[in-house]
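**Q** Below is model35.cif; it holds mmCIF, C-alpha atoms.
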data_work
loop_
_atom_site.label_atom_id
_atom_site.label_comp_id
_atom_site.auth_asym_id
_atom_site.auth_seq_id
_atom_site.Cartn_x
_atom_site.Cartn_y
_atom_site.Cartn_z
CA MET A 1 121.84 7.82 -24.43
CA THR A 2 121.17 10.16 -27.31
CA ASN A 3 119.83 9.04 -30.66
CA SER A 4 122.16 11.19 -32.77
CA ARG A 5 124.22 14.38 -32.78
CA HIS A 6 123.23 17.46 -34.77
CA ASP A 7 124.71 20.90 -35.33
CA VAL A 8 121.39 22.67 -34.87
CA THR A 9 117.95 21.54 -33.75
CA ILE A 10 114.76 23.50 -34.36
CA ILE A 11 111.88 22.96 -31.94
CA GLY A 12 108.54 23.37 -33.69
CA GLY A 13 107.37 22.36 -37.15
CA GLY A 14 105.09 25.29 -37.81
CA ILE A 15 105.69 27.58 -40.76
CA VAL A 16 108.36 29.62 -38.95
CA GLY A 17 110.34 26.61 -37.75
CA LEU A 18 110.13 25.10 -41.22
CA ALA A 19 111.27 28.36 -42.83
CA VAL A 20 114.27 28.48 -40.49
CA ALA A 21 115.21 24.89 -41.30
CA LEU A 22 114.75 25.56 -45.01
CA GLU A 23 117.06 28.58 -44.89
CA ILE A 24 119.75 26.72 -42.93
CA THR A 25 119.76 23.69 -45.23
CA LYS A 26 119.97 25.97 -48.25
CA ARG A 27 122.61 28.37 -46.97
CA PHE A 28 124.71 26.01 -44.81
CA PRO A 29 124.43 22.58 -46.45
CA SER A 30 127.25 21.13 -44.33
CA LEU A 31 125.31 21.60 -41.08
CA ARG A 32 123.41 18.64 -39.68
CA VAL A 33 119.90 20.03 -39.18
CA LEU A 34 117.12 18.41 -37.15
CA LEU A 35 113.57 19.71 -36.80
CA LEU A 36 111.36 18.26 -34.05
CA GLU A 37 107.55 18.52 -34.19
CA LYS A 38 105.23 17.13 -31.53
CA GLU A 39 102.33 16.43 -33.91
CA ASP A 40 102.27 13.64 -36.47
CA ARG A 41 102.54 16.19 -39.30
CA VAL A 42 104.07 19.63 -39.69
CA GLY A 43 102.04 22.86 -39.76
CA GLN A 44 99.10 21.62 -37.70
CA HIS A 45 98.42 24.67 -35.55
CA GLN A 46 98.70 28.41 -36.32
CA SER A 47 100.23 27.63 -39.71
CA SER A 48 97.10 25.92 -41.04
CA HIS A 49 94.50 27.62 -38.82
CA ASN A 50 94.64 31.07 -40.38
CA SER A 51 92.97 33.15 -43.06
CA GLY A 52 95.42 32.27 -45.83
CA VAL A 53 96.12 35.95 -46.53
CA ILE A 54 99.43 37.14 -47.97
CA HIS A 55 99.52 40.43 -46.08
CA SER A 56 100.92 43.52 -47.78
CA GLY A 57 102.52 45.14 -44.72
CA ILE A 58 100.27 48.20 -44.62
CA TYR A 59 99.35 47.85 -40.94
CA TYR A 60 102.80 47.83 -39.39
CA LYS A 61 104.91 50.63 -37.99
CA PRO A 62 107.55 51.71 -40.52
CA GLY A 63 110.98 50.48 -39.52
CA SER A 64 109.65 47.66 -37.34
CA LEU A 65 110.60 44.04 -37.94
CA LYS A 66 106.97 43.32 -38.79
CA ALA A 67 106.90 45.97 -41.50
CA THR A 68 110.29 45.13 -43.01
CA LEU A 69 109.87 41.36 -42.95
CA CYS A 70 106.23 41.39 -44.04
CA VAL A 71 106.89 43.47 -47.17
CA GLU A 72 109.97 41.42 -48.03
CA GLY A 73 108.24 38.19 -47.10
CA ALA A 74 105.09 38.87 -49.13
CA ARG A 75 107.14 39.24 -52.30
CA ALA A 76 109.14 36.13 -51.44
CA MET A 77 105.97 34.15 -50.68
CA ILE A 78 104.40 35.01 -54.03
CA GLU A 79 107.59 34.01 -55.82
CA PHE A 80 107.79 30.78 -53.81
CA CYS A 81 104.20 29.85 -54.65
CA ARG A 82 104.77 30.66 -58.32
CA THR A 83 107.97 28.61 -58.46
CA HIS A 84 106.68 25.57 -56.61
CA GLY A 85 103.12 25.35 -57.88
CA VAL A 86 101.40 26.29 -54.61
CA PRO A 87 97.99 27.89 -55.34
CA TYR A 88 97.88 31.65 -54.83
CA GLN A 89 96.18 34.81 -56.11
CA VAL A 90 97.13 38.46 -55.84
CA CYS A 91 93.56 39.70 -55.50
CA GLY A 92 93.99 42.94 -53.55
CA LYS A 93 91.85 44.13 -50.68
CA VAL A 94 89.87 47.11 -49.46
CA ILE A 95 90.03 48.56 -45.94
CA VAL A 96 86.72 50.26 -45.32
CA ALA A 97 85.88 53.17 -43.00
CA THR A 98 82.23 53.10 -41.95
CA HIS A 99 82.42 56.11 -39.58
CA LYS A 100 84.02 59.53 -39.95
CA TYR A 101 86.10 59.05 -36.78
CA GLU A 102 87.96 56.29 -38.66
CA PHE A 103 89.21 58.67 -41.36
CA PRO A 104 92.41 59.65 -39.48
CA ARG A 105 93.19 55.97 -38.88
CA LEU A 106 92.65 55.24 -42.56
CA GLU A 107 94.98 58.08 -43.51
CA GLU A 108 97.59 56.75 -41.10
CA LEU A 109 97.38 53.34 -42.80
CA ARG A 110 97.87 55.00 -46.18
CA ARG A 111 100.91 56.82 -44.82
CA ARG A 112 102.32 53.58 -43.42
CA GLY A 113 101.76 51.83 -46.72
CA GLU A 114 103.72 54.48 -48.57
CA ALA A 115 106.49 54.47 -45.92
CA ASN A 116 106.72 50.69 -46.18
CA GLY A 117 107.14 50.86 -49.95
CA LEU A 118 103.80 49.46 -51.10
CA ASP A 119 102.75 50.21 -54.66
CA GLY A 120 99.31 51.34 -55.73
CA VAL A 121 97.74 52.12 -52.34
CA GLN A 122 95.02 54.70 -52.89
CA SER A 123 92.16 56.30 -51.03
CA ILE A 124 88.75 55.94 -52.68
CA GLY A 125 85.17 57.04 -52.09
CA PRO A 126 81.92 55.04 -51.92
CA GLU A 127 81.36 54.95 -55.68
CA ARG A 128 84.75 53.44 -56.46
CA LEU A 129 84.35 51.03 -53.53
CA ARG A 130 81.13 49.69 -55.03
CA GLU A 131 82.90 49.17 -58.37
CA ILE A 132 85.50 46.99 -56.64
CA GLU A 133 83.18 45.30 -54.12
CA PRO A 134 79.57 45.85 -55.27
CA HIS A 135 78.04 44.67 -51.97
CA ALA A 136 80.36 46.58 -49.62
CA SER A 137 79.34 49.79 -47.89
CA GLY A 138 81.50 52.53 -46.46
CA LEU A 139 82.24 56.24 -46.40
CA ARG A 140 85.82 55.88 -47.57
CA ALA A 141 88.28 53.06 -48.23
CA LEU A 142 91.86 52.18 -49.03
CA VAL A 143 92.68 49.92 -51.95
CA VAL A 144 95.71 47.69 -51.28
CA PRO A 145 96.39 45.89 -54.58
CA SER A 146 99.41 43.83 -53.43
CA THR A 147 97.47 41.72 -50.90
CA GLY A 148 97.07 38.08 -51.88
CA ILE A 149 95.83 34.69 -50.70
CA THR A 150 97.35 31.20 -50.61
CA ASP A 151 97.11 27.85 -48.83
CA TYR A 152 99.63 27.87 -45.98
CA ALA A 153 99.16 24.18 -45.22
CA ALA A 154 100.39 23.51 -48.77
CA VAL A 155 103.27 25.96 -48.22
CA CYS A 156 104.30 24.06 -45.07
CA ALA A 157 104.20 20.74 -46.91
CA LYS A 158 106.42 22.14 -49.66
CA TYR A 159 108.87 23.63 -47.12
CA ALA A 160 109.15 20.19 -45.48
CA GLU A 161 109.71 18.48 -48.82
CA LEU A 162 112.53 20.90 -49.71
CA ILE A 163 114.17 20.62 -46.28
CA GLN A 164 114.40 16.86 -46.58
CA ALA A 165 115.60 17.08 -50.19
CA GLN A 166 118.42 19.35 -48.97
CA GLY A 167 119.52 16.91 -46.28
CA GLY A 168 117.59 18.15 -43.24
CA ILE A 169 115.86 15.68 -40.92
CA ILE A 170 112.27 16.17 -39.72
CA ARG A 171 111.02 14.08 -36.80
CA THR A 172 107.29 14.23 -36.12
CA SER A 173 105.49 12.85 -33.03
CA ALA A 174 108.54 14.10 -31.11
CA GLY A 175 107.29 16.49 -28.47
CA MET A 176 109.94 18.06 -26.26
CA LYS A 177 109.78 16.80 -22.67
CA GLY A 178 113.03 18.07 -21.23
CA LEU A 179 116.26 19.93 -21.89
CA ARG A 180 119.71 19.26 -20.46
CA GLN A 181 122.63 21.59 -21.10
CA PHE A 182 126.26 20.56 -20.96
CA ALA A 183 129.53 22.28 -21.79
CA THR A 184 129.54 21.35 -25.47
CA GLU A 185 126.05 20.04 -26.18
CA ILE A 186 122.35 20.38 -25.48
CA VAL A 187 120.31 17.22 -25.02
CA VAL A 188 116.67 17.43 -26.08
CA GLU A 189 114.48 14.79 -24.44
CA THR A 190 111.30 13.67 -26.16
CA GLY A 191 108.72 11.00 -25.39
CA GLY A 192 110.98 8.65 -27.37
CA PRO A 193 114.66 9.10 -28.15
CA ALA A 194 116.82 11.98 -26.95
CA PHE A 195 118.79 14.12 -29.38
CA SER A 196 122.11 15.85 -28.92
CA THR A 197 122.68 19.21 -30.58
CA THR A 198 125.27 21.97 -30.56
CA ASN A 199 122.72 24.78 -30.95
CA LEU A 200 118.97 25.04 -30.55
CA ILE A 201 116.37 27.39 -32.07
CA ASN A 202 113.05 27.57 -30.24
CA CYS A 203 110.20 28.08 -32.74
CA ALA A 204 107.52 26.45 -30.58
CA GLY A 205 104.85 29.14 -31.13
CA LEU A 206 102.17 28.73 -28.46
CA PHE A 207 104.72 27.05 -26.16
CA SER A 208 107.82 29.13 -26.92
CA ASP A 209 107.78 30.85 -23.52
CA ARG A 210 107.62 27.50 -21.69
CA ILE A 211 110.57 26.13 -23.61
CA SER A 212 112.49 29.31 -22.84
CA ARG A 213 111.80 28.78 -19.14
CA MET A 214 112.71 25.09 -19.48
CA ALA A 215 116.08 26.30 -20.76
CA GLY A 216 116.55 28.36 -17.60
CA GLU A 217 115.74 31.70 -19.23
CA ASP A 218 113.27 34.37 -18.16
CA PRO A 219 111.50 35.43 -21.37
CA GLU A 220 109.79 38.32 -19.49
CA VAL A 221 106.61 37.58 -21.42
CA MET A 222 103.78 35.07 -21.27
CA ILE A 223 102.16 33.56 -24.34
CA VAL A 224 98.45 34.26 -23.96
CA PRO A 225 96.23 32.37 -26.41
CA PHE A 226 93.42 34.19 -28.23
CA ARG A 227 90.98 32.12 -30.25
CA GLY A 228 89.62 33.49 -33.50
CA GLU A 229 86.33 31.99 -34.69
CA TYR A 230 85.10 32.16 -38.28
CA TYR A 231 81.87 31.68 -40.11
CA GLU A 232 81.74 30.75 -43.78
CA LEU A 233 79.41 32.13 -46.41
CA ILE A 234 77.21 29.46 -47.93
CA PRO A 235 78.19 28.80 -51.59
CA GLU A 236 75.02 30.49 -52.90
CA ARG A 237 76.06 33.75 -51.21
CA ALA A 238 79.82 33.67 -51.81
CA SER A 239 79.30 36.20 -54.61
CA LEU A 240 78.74 38.86 -51.94
CA VAL A 241 82.53 39.15 -51.71
CA ARG A 242 84.92 39.34 -54.66
CA ALA A 243 88.21 39.40 -52.73
CA LEU A 244 89.04 40.78 -49.26
CA ILE A 245 87.02 43.34 -47.28
CA TYR A 246 88.50 44.59 -43.99
CA PRO A 247 87.45 47.21 -41.43
CA VAL A 248 89.74 49.93 -40.13
CA PRO A 249 91.51 48.25 -37.17
CA ASP A 250 91.50 49.59 -33.62
CA PRO A 251 95.11 50.72 -33.01
CA ARG A 252 94.91 49.62 -29.35
CA PHE A 253 94.88 45.95 -30.36
CA PRO A 254 96.91 43.74 -32.74
CA PHE A 255 93.74 42.18 -34.13
CA LEU A 256 92.25 43.35 -37.44
CA GLY A 257 88.54 43.05 -36.63
CA VAL A 258 85.93 40.86 -38.31
CA HIS A 259 86.37 40.84 -42.07
CA PHE A 260 85.64 38.88 -45.24
CA THR A 261 88.32 36.75 -46.89
CA ARG A 262 87.99 34.81 -50.12
CA ARG A 263 90.05 31.60 -50.07
CA VAL A 264 92.00 30.18 -52.99
CA THR A 265 89.36 27.44 -53.08
CA GLY A 266 86.66 30.07 -53.79
CA SER A 267 84.94 29.86 -50.40
CA VAL A 268 84.58 33.00 -48.27
CA ASP A 269 85.41 33.23 -44.56
CA ALA A 270 83.79 35.83 -42.29
CA GLY A 271 85.52 36.73 -39.04
CA PRO A 272 87.33 36.24 -36.80
CA ASN A 273 86.51 37.53 -33.37
CA ALA A 274 89.27 37.43 -30.74
CA VAL A 275 88.50 35.80 -27.40
CA PHE A 276 90.72 34.53 -24.62
CA ALA A 277 91.21 30.76 -25.03
CA PHE A 278 91.17 28.48 -21.98
CA ARG A 279 93.71 26.18 -23.60
CA ARG A 280 96.77 27.08 -25.68
CA GLU A 281 95.52 24.84 -28.48
CA GLY A 282 91.86 25.48 -27.70
CA TYR A 283 90.10 25.62 -31.04
CA ARG A 284 86.64 25.03 -29.53
CA ARG A 285 84.81 26.99 -26.83
CA THR A 286 84.72 23.84 -24.66
CA ASP A 287 88.48 23.19 -24.86
CA PHE A 288 90.06 23.62 -21.42
CA SER A 289 93.47 22.96 -19.88
CA LEU A 290 93.94 23.48 -16.15
CA SER A 291 97.68 24.09 -16.52
CA ASP A 292 97.23 26.52 -19.41
CA MET A 293 94.46 28.36 -17.60
CA ALA A 294 96.40 28.51 -14.33
CA SER A 295 99.54 29.90 -15.97
CA SER A 296 97.52 32.63 -17.68
CA VAL A 297 95.46 33.53 -14.58
CA MET A 298 98.58 33.71 -12.39
CA PHE A 299 100.27 36.09 -14.82
CA PRO A 300 99.72 39.70 -13.64
CA GLY A 301 99.76 41.06 -17.17
CA LEU A 302 96.47 39.31 -18.01
CA TRP A 303 94.63 41.07 -15.18
CA ARG A 304 96.16 44.43 -16.04
CA MET A 305 95.07 44.08 -19.65
CA ALA A 306 91.60 42.90 -18.59
CA ALA A 307 91.18 45.88 -16.25
CA LYS A 308 91.95 48.25 -19.10
CA HIS A 309 90.05 46.56 -21.93
CA TRP A 310 87.29 44.57 -20.20
CA ARG A 311 84.53 46.20 -22.23
CA SER A 312 86.09 45.24 -25.56
CA GLY A 313 86.68 41.74 -24.22
CA LEU A 314 83.02 41.37 -23.27
CA ASP A 315 82.00 42.49 -26.76
CA GLU A 316 84.21 39.81 -28.29
CA PHE A 317 82.78 37.10 -26.01
CA HIS A 318 79.26 38.26 -26.82
CA ARG A 319 79.96 37.82 -30.54
CA SER A 320 81.43 34.40 -29.80
CA PHE A 321 78.14 33.16 -28.35
CA SER A 322 75.72 35.29 -30.36
CA LYS A 323 75.52 34.74 -34.10
CA SER A 324 73.25 37.78 -34.48
CA ALA A 325 75.86 40.02 -32.82
CA PHE A 326 78.55 38.56 -35.08
CA VAL A 327 76.39 39.23 -38.14
CA GLN A 328 75.72 42.81 -37.03
CA ALA A 329 79.48 43.43 -37.01
CA LEU A 330 79.78 41.97 -40.52
CA GLN A 331 76.85 44.03 -41.79
CA LYS A 332 78.83 47.22 -41.19
CA LEU A 333 80.96 46.14 -44.15
CA VAL A 334 78.45 44.16 -46.24
CA PRO A 335 74.88 45.16 -45.26
CA GLY A 336 73.31 42.42 -47.38
CA VAL A 337 74.75 39.52 -45.40
CA GLY A 338 72.26 37.75 -43.12
CA GLU A 339 72.32 35.02 -40.48
CA ASN A 340 71.07 32.41 -42.93
CA ASP A 341 74.01 33.19 -45.25
CA LEU A 342 76.55 31.91 -42.72
CA VAL A 343 77.51 28.51 -41.38
CA PRO A 344 80.12 27.78 -38.68
CA GLY A 345 83.62 27.70 -40.10
CA SER A 346 87.12 27.10 -38.84
CA SER A 347 88.94 28.59 -35.87
CA GLY A 348 92.52 29.40 -34.96
CA VAL A 349 94.54 30.34 -31.89
CA ARG A 350 96.95 33.26 -31.93
CA ALA A 351 100.11 32.97 -29.81
CA GLN A 352 100.30 36.51 -28.45
CA ALA A 353 103.17 37.50 -26.18
CA MET A 354 102.14 39.72 -23.27
CA LYS A 355 104.33 41.72 -20.90
CA ARG A 356 103.87 41.81 -17.12
CA ASP A 357 102.39 45.31 -17.35
CA GLY A 358 99.56 43.98 -19.53
CA THR A 359 100.73 45.38 -22.86
CA LEU A 360 100.77 43.10 -25.88
CA VAL A 361 104.14 42.73 -27.60
CA ASP A 362 103.60 44.41 -30.95
CA ASP A 363 106.71 43.48 -32.93
CA PHE A 364 108.38 40.18 -33.69
CA GLN A 365 110.78 39.15 -30.92
CA PHE A 366 113.87 36.97 -31.41
CA VAL A 367 116.02 36.52 -28.27
CA PRO A 368 119.49 34.91 -28.49
CA SER A 369 120.97 33.24 -25.41
CA ARG A 370 124.36 31.48 -25.52
CA ARG A 371 123.82 28.42 -27.71
CA MET A 372 120.08 28.96 -28.08
CA LEU A 373 117.81 31.40 -29.87
CA HIS A 374 114.22 31.86 -28.74
CA VAL A 375 111.53 33.06 -31.15
CA LEU A 376 109.08 34.47 -28.62
CA ASN A 377 106.62 36.54 -30.61
CA VAL A 378 105.76 35.83 -34.24
CA PRO A 379 101.99 36.24 -34.64
CA SER A 380 100.40 37.41 -37.89
CA PRO A 381 101.87 38.23 -40.40
CA ALA A 382 104.28 35.37 -39.60
CA ALA A 383 102.96 33.07 -42.33
CA THR A 384 103.24 35.83 -44.95
CA ALA A 385 106.72 36.79 -43.74
CA SER A 386 107.99 33.28 -43.01
CA ILE A 387 110.70 33.20 -45.69
CA ALA A 388 112.02 36.61 -44.60
CA ILE A 389 111.71 35.63 -40.91
CA GLY A 390 113.71 32.49 -41.63
CA ARG A 391 116.45 34.57 -43.26
CA SER A 392 116.52 37.03 -40.36
CA ILE A 393 116.73 34.32 -37.71
CA VAL A 394 119.47 32.46 -39.60
CA ASP A 395 121.39 35.73 -40.04
CA LYS A 396 121.32 36.18 -36.26
CA ALA A 397 122.14 32.54 -35.52
CA SER A 398 125.03 32.33 -38.00
CA LYS A 399 126.57 35.49 -36.57
CA ASN A 400 126.17 34.39 -32.94
CA TRP A 401 127.46 30.87 -33.57
CA SER A 402 130.06 31.62 -36.28
CA TRP A 403 128.60 29.35 -38.94
CA THR A 404 130.55 29.18 -42.16
CA VAL A 405 129.59 27.78 -45.54
#
Please go through the file and, once you have read it, give me the structure as structure tokens.
**A**
Amino acid sequence: MTNSRHDVTIIGGGIVGLAVALEITKRFPSLRVLLLEKEDRVGQHQSSHNSGVIHSGIYYKPGSLKATLCVEGARAMIEFCRTHGVPYQVCGKVIVATHKYEFPRLEELRRRGEANGLDGVQSIGPERLREIEPHASGLRALVVPSTGITDYAAVCAKYAELIQAQGGIIRTSAGMKGLRQFATEIVVETGGPAFSTTNLINCAGLFSDRISRMAGEDPEVMIVPFRGEYYELIPERASLVRALIYPVPDPRFPFLGVHFTRRVTGSVDAGPNAVFAFRREGYRRTDFSLSDMASSVMFPGLWRMAAKHWRSGLDEFHRSFSKSAFVQALQKLVPGVGENDLVPGSSGVRAQAMKRDGTLVDDFQFVPSRRMLHVLNVPSPAATASIAIGRSIVDKASKNWSWTV
């Protein structure tokens, strides 16, 4: 016996699932929309365990979904925060090269920024860098003035408020336990009531691949969790960083390297590293799930990636357990920071899709299948781009399922 019948059900109340529901309720007000979230509140995982950065789009390959949706989404996010009173700042950032071999990478980022339509990106030398960030050190840097910061937990709360005001239904504490497909409906089973729906959009983040398999699909990827651990500058030393200071990223990986991020609250985060997590929602080093660990270990892609990048992985684990090693990485950007300036901060887990050959899926990945649509890879900059991602997913869904206003 189902609890109710809906036109579309979204699995996952993170920022992407909320953005999809928000777009549907706004564009197709006649549709009966249900969003199911397993936690007791929305936005409890990747959406509120992140750096709070409104990314500019400078890192991403021109023409990719990431690039297009990040640039569009950043502008939309700033407008959303301005309209709805969510705290934000457009503070800009610097990407700093500390070695000459990083110069070509820095130039490639500048080229990407221009190709992606960013305004004001410029290459600067050490003197100008010290004017912008007096405590930073580097041989060359890029200034990216359009980068901003916000509070994504507050964004999620506002999305949820607007969804409900527009007639959408949000059910929390409703984790998906099963899925039954019939000729004209899909039945979603939870720990409580079951729900009938015509169409389903899977925005389950860290568990999106499992739900795809539950639906009888082969997503051809595995979600591999990577934990990012932060320190926080003590208040007396927060003046070391005015805005955002980033290193030049290693193009082999989707991670941006340890960096400094000022929050809208005024505090400053330092990090993160990127280590394999032994649980999909493993925010602490001691968090462990046998089923999560087994699924990762049995996936051939993990071993192929480890064989290729084991040295970098060991470096990340070393920084995870050694504060001095973590500080040494930070000192490349801000030499004056010391161990006593830092206290343990927050952590987050990135849902990174990996192929069987060990390569990490670089771009966003939305996979339609009959009456379902699976959002299989939306790591950073998903929070920044969430409004644009929501539009893109709803464009695809409305076309596939012939929605009309």
**Q** The PyMOL selection byres ((chain A and resi 196) around 9) - which residues does that actually catch in the file I just gave you? List them as a PyMOL selection string.
**A** chain A and resi 2-7+9+185-189+194-195+197-198
**Q** On this structure, the PyMOL selection byres ((chain A and resi 234) around 12) would catch which residues? List them as a ChimeraX atom specification, sorted by chain and number.
**A** /A:231-233,235-241,266-270,337-345
**Q** Around the point (113.6, 39.2, -46.2) (coordinates from the file), which residues reach within 6 Å if we count all atoms listed in the file? Answer as a list of chain:residue names.
**A**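 Residues satisfying the cut-off, written out: A:Leu69, A:Glu72, A:Gly73, A:Ala388.
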**Q** Using the chain letters and numbers from this file, what does the PyMOL selection byres ((chain A and resi 12) around 7) select? Give the answer as an MDAnalysis selection string.
**A** chainID A and resid 10:11 13:14 17 35:37 203:204
**Q** Restrict the calculation to only C-alpha atoms, then for each residue of range 366-396 of chain A with any atom at most 12 Å from an atom of range 75-96 of chain A give the closest atom pair and their distance in Å to one decimal, rows by chain and rising residue number, as a Markdown table.
**A**
| residue | atom | partner | partner_atom | distance |
| --- | --- | --- | --- | --- |
| A:Pro381 | CA | A:Met77 | CA | 11.8 |
| A:Ala382 | CA | A:Met77 | CA | 11.3 |
| A:Ala383 | CA | A:Met77 | CA | 8.9 |
| A:Thr384 | CA | A:Met77 | CA | 6.6 |
| A:Ala385 | CA | A:Met77 | CA | 7.5 |
| A:Ser386 | CA | A:Met77 | CA | 8.0 |
| A:Ile387 | CA | A:Ala76 | CA | 6.6 |
| A:Ala388 | CA | A:Ala76 | CA | 7.4 |
| A:Ile389 | CA | A:Ala76 | CA | 10.9 |
| A:Gly390 | CA | A:Ala76 | CA | 11.4 |
| A:Arg391 | CA | A:Ala76 | CA | 11.1 |
**Q** Just give me the gap between CA of Gln328 in chain A and CA of Phe278 in chain A in Å, one decimal is fine.
**A**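 One can read the CA of Gln328 in chain A to CA of Phe278 in chain A distance as 25.9 Å.
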**Q** Applying 12 Å and all atoms listed in the file, which residues near Pro251 in chain A remain after dropping the ones on its own chain fewer than 3 positions away? List them as a PyMOL selection string.
**A** chain A and resi 59-61+102+104-106+108-109+247-248+254-257+360+362
**Q** Between CA of Phe288 in chain A and CA of Ser346 in chain A, what distance in Å does the model show, to one decimal?
**A**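 CA of Ser346 in chain A lies 18.0 Å from CA of Phe288 in chain A.
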**Q** May I ask which of the residues A:Leu31, A:Ile169, A:Val71, A:Ala294 is the closest one to Trp403 in chain A, counting only C-alpha atoms?
**A**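 Result for the nearest residue to Trp403 in chain A: A:Leu31.
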**Q** Restricting the calculation to only C-alpha atoms: of A:Asn273, A:Thr25, A:Thr68, A:Thr286, which residue gets closest to Arg319 in chain A?
**A**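 So, comparing all the options, the nearest one is A:Asn273.
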**Q** Need to verify the contact set: Leu302 in chain A, 9 Å, all atoms listed in the file, exclusion of same-chain residues closer than 2 positions in sequence. Can you return it as an mmCIF file with C-alpha atoms, in the frame of the given file?
**A**
data_model
loop_
_atom_site.group_PDB
_atom_site.id
_atom_site.type_symbol
_atom_site.label_atom_id
_atom_site.label_comp_id
_atom_site.auth_asym_id
_atom_site.auth_seq_id
_atom_site.Cartn_x
_atom_site.Cartn_y
_atom_site.Cartn_z
ATOM 1 C CA VAL A 224 98.450 34.260 -23.960
ATOM 2 C CA SER A 296 97.520 32.630 -17.680
ATOM 3 C CA VAL A 297 95.460 33.530 -14.580
ATOM 4 C CA MET A 298 98.580 33.710 -12.390
ATOM 5 C CA PHE A 299 100.270 36.090 -14.820
ATOM 6 C CA PRO A 300 99.720 39.700 -13.640
ATOM 7 C CA ARG A 304 96.160 44.430 -16.040
ATOM 8 C CA MET A 305 95.070 44.080 -19.650
ATOM 9 C CA ALA A 306 91.600 42.900 -18.590
ATOM 10 C CA ALA A 307 91.180 45.880 -16.250
ATOM 11 C CA MET A 354 102.140 39.720 -23.270
ATOM 12 C CA LYS A 355 104.330 41.720 -20.900
ATOM 13 C CA ARG A 356 103.870 41.810 -17.120
ATOM 14 C CA ASP A 357 102.390 45.310 -17.350
ATOM 15 C CA GLY A 358 99.560 43.980 -19.530
ATOM 16 C CA THR A 359 100.730 45.380 -22.860
#
**Q** Rounded to one decimal, what separation in Å do you get between CA of Ile223 in chain A and CA of Gln352 in chain A?
**A**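 Separation between CA of Ile223 in chain A and CA of Gln352 in chain A: 5.4 Å.
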**Q** Closest to Arg32 in chain A among A:Ser392, A:Ser47, A:Ser208, A:Gln164, using all atoms listed in the file?
**A** A:Gln164
**Q** Between A:Ile201, A:Val275, A:Ala329, A:Val121, which is the closest to Ser398 in chain A once you count only C-alpha atoms?
**A**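 Nearest to Ser398 in chain A: A:Ile201.
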**Q** Counting all atoms listed in the file, figure out which residue out of A:Arg242, A:Arg171, A:Lys38, A:Lys66 gets nearest to Pro134 in chain A.
**A**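 Looking only at the distances to Pro134 in chain A, the closest residue turns out to be A:Arg242.
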**Q** Can you pull out the residues contacting Leu376 in chain A? Cut-off 8 Å, using all atoms listed in the file, and skip same-chain residues under 4 positions away; I want them as a list in words.
**A**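 Non-adjacent residues within range: Cys203, Gly205, Ser208, Asp209, Pro219, Ala353, Phe364, Gln365, Phe366 and Val367 of chain A.
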**Q** Just want the 7 Å neighbourhood of Pro126 in chain A, counted on only C-alpha atoms, with same-chain residues fewer than 3 positions away dropped. Output as a list in words.
**A**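 Counting only the stated atoms, we get Leu129, Arg130, Gly138, Leu139 and Arg140 of chain A.
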**Q** Compute the distance from (79.9, 36.1, -28.5) to each atom, counting all atoms listed in the file, keep the residues with any atom at most 12 Å away, and return them as number ranges by chain; use the coordinates of the file.
**A** A: 227-230, 271-276, 285, 312-329
**Q** Pick out the closest residue to Gln166 in chain A from this set: A:Lys332, A:Arg350, A:His49, A:Arg27. Count all atoms listed in the file.
**A**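 Going through A:Lys332, A:Arg350, A:His49, A:Arg27 one by one, the smallest distance to Gln166 in chain A is for A:Arg27.
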**Q** Do a neighbour search on Gly52 in chain A at 8 Å with only C-alpha atoms, toss out local chain neighbours closer than 2 positions, and write the hits as a PyMOL selection string.
**A** chain A and resi 50+54+149-152+263
**Q** Export, as a tab-separated table (two decimals), keeping the file's coordinate frame, the selected residues with C-alpha atoms.
**A**
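Below is the file out29.tsv, written as the result:
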chain	number	residue	atom	x	y	z
A	50	ASN	CA	94.64	31.07	-40.38
A	54	ILE	CA	99.43	37.14	-47.97
A	149	ILE	CA	95.83	34.69	-50.70
A	150	THR	CA	97.35	31.20	-50.61
A	151	ASP	CA	97.11	27.85	-48.83
A	152	TYR	CA	99.63	27.87	-45.98
A	263	ARG	CA	90.05	31.60	-50.07
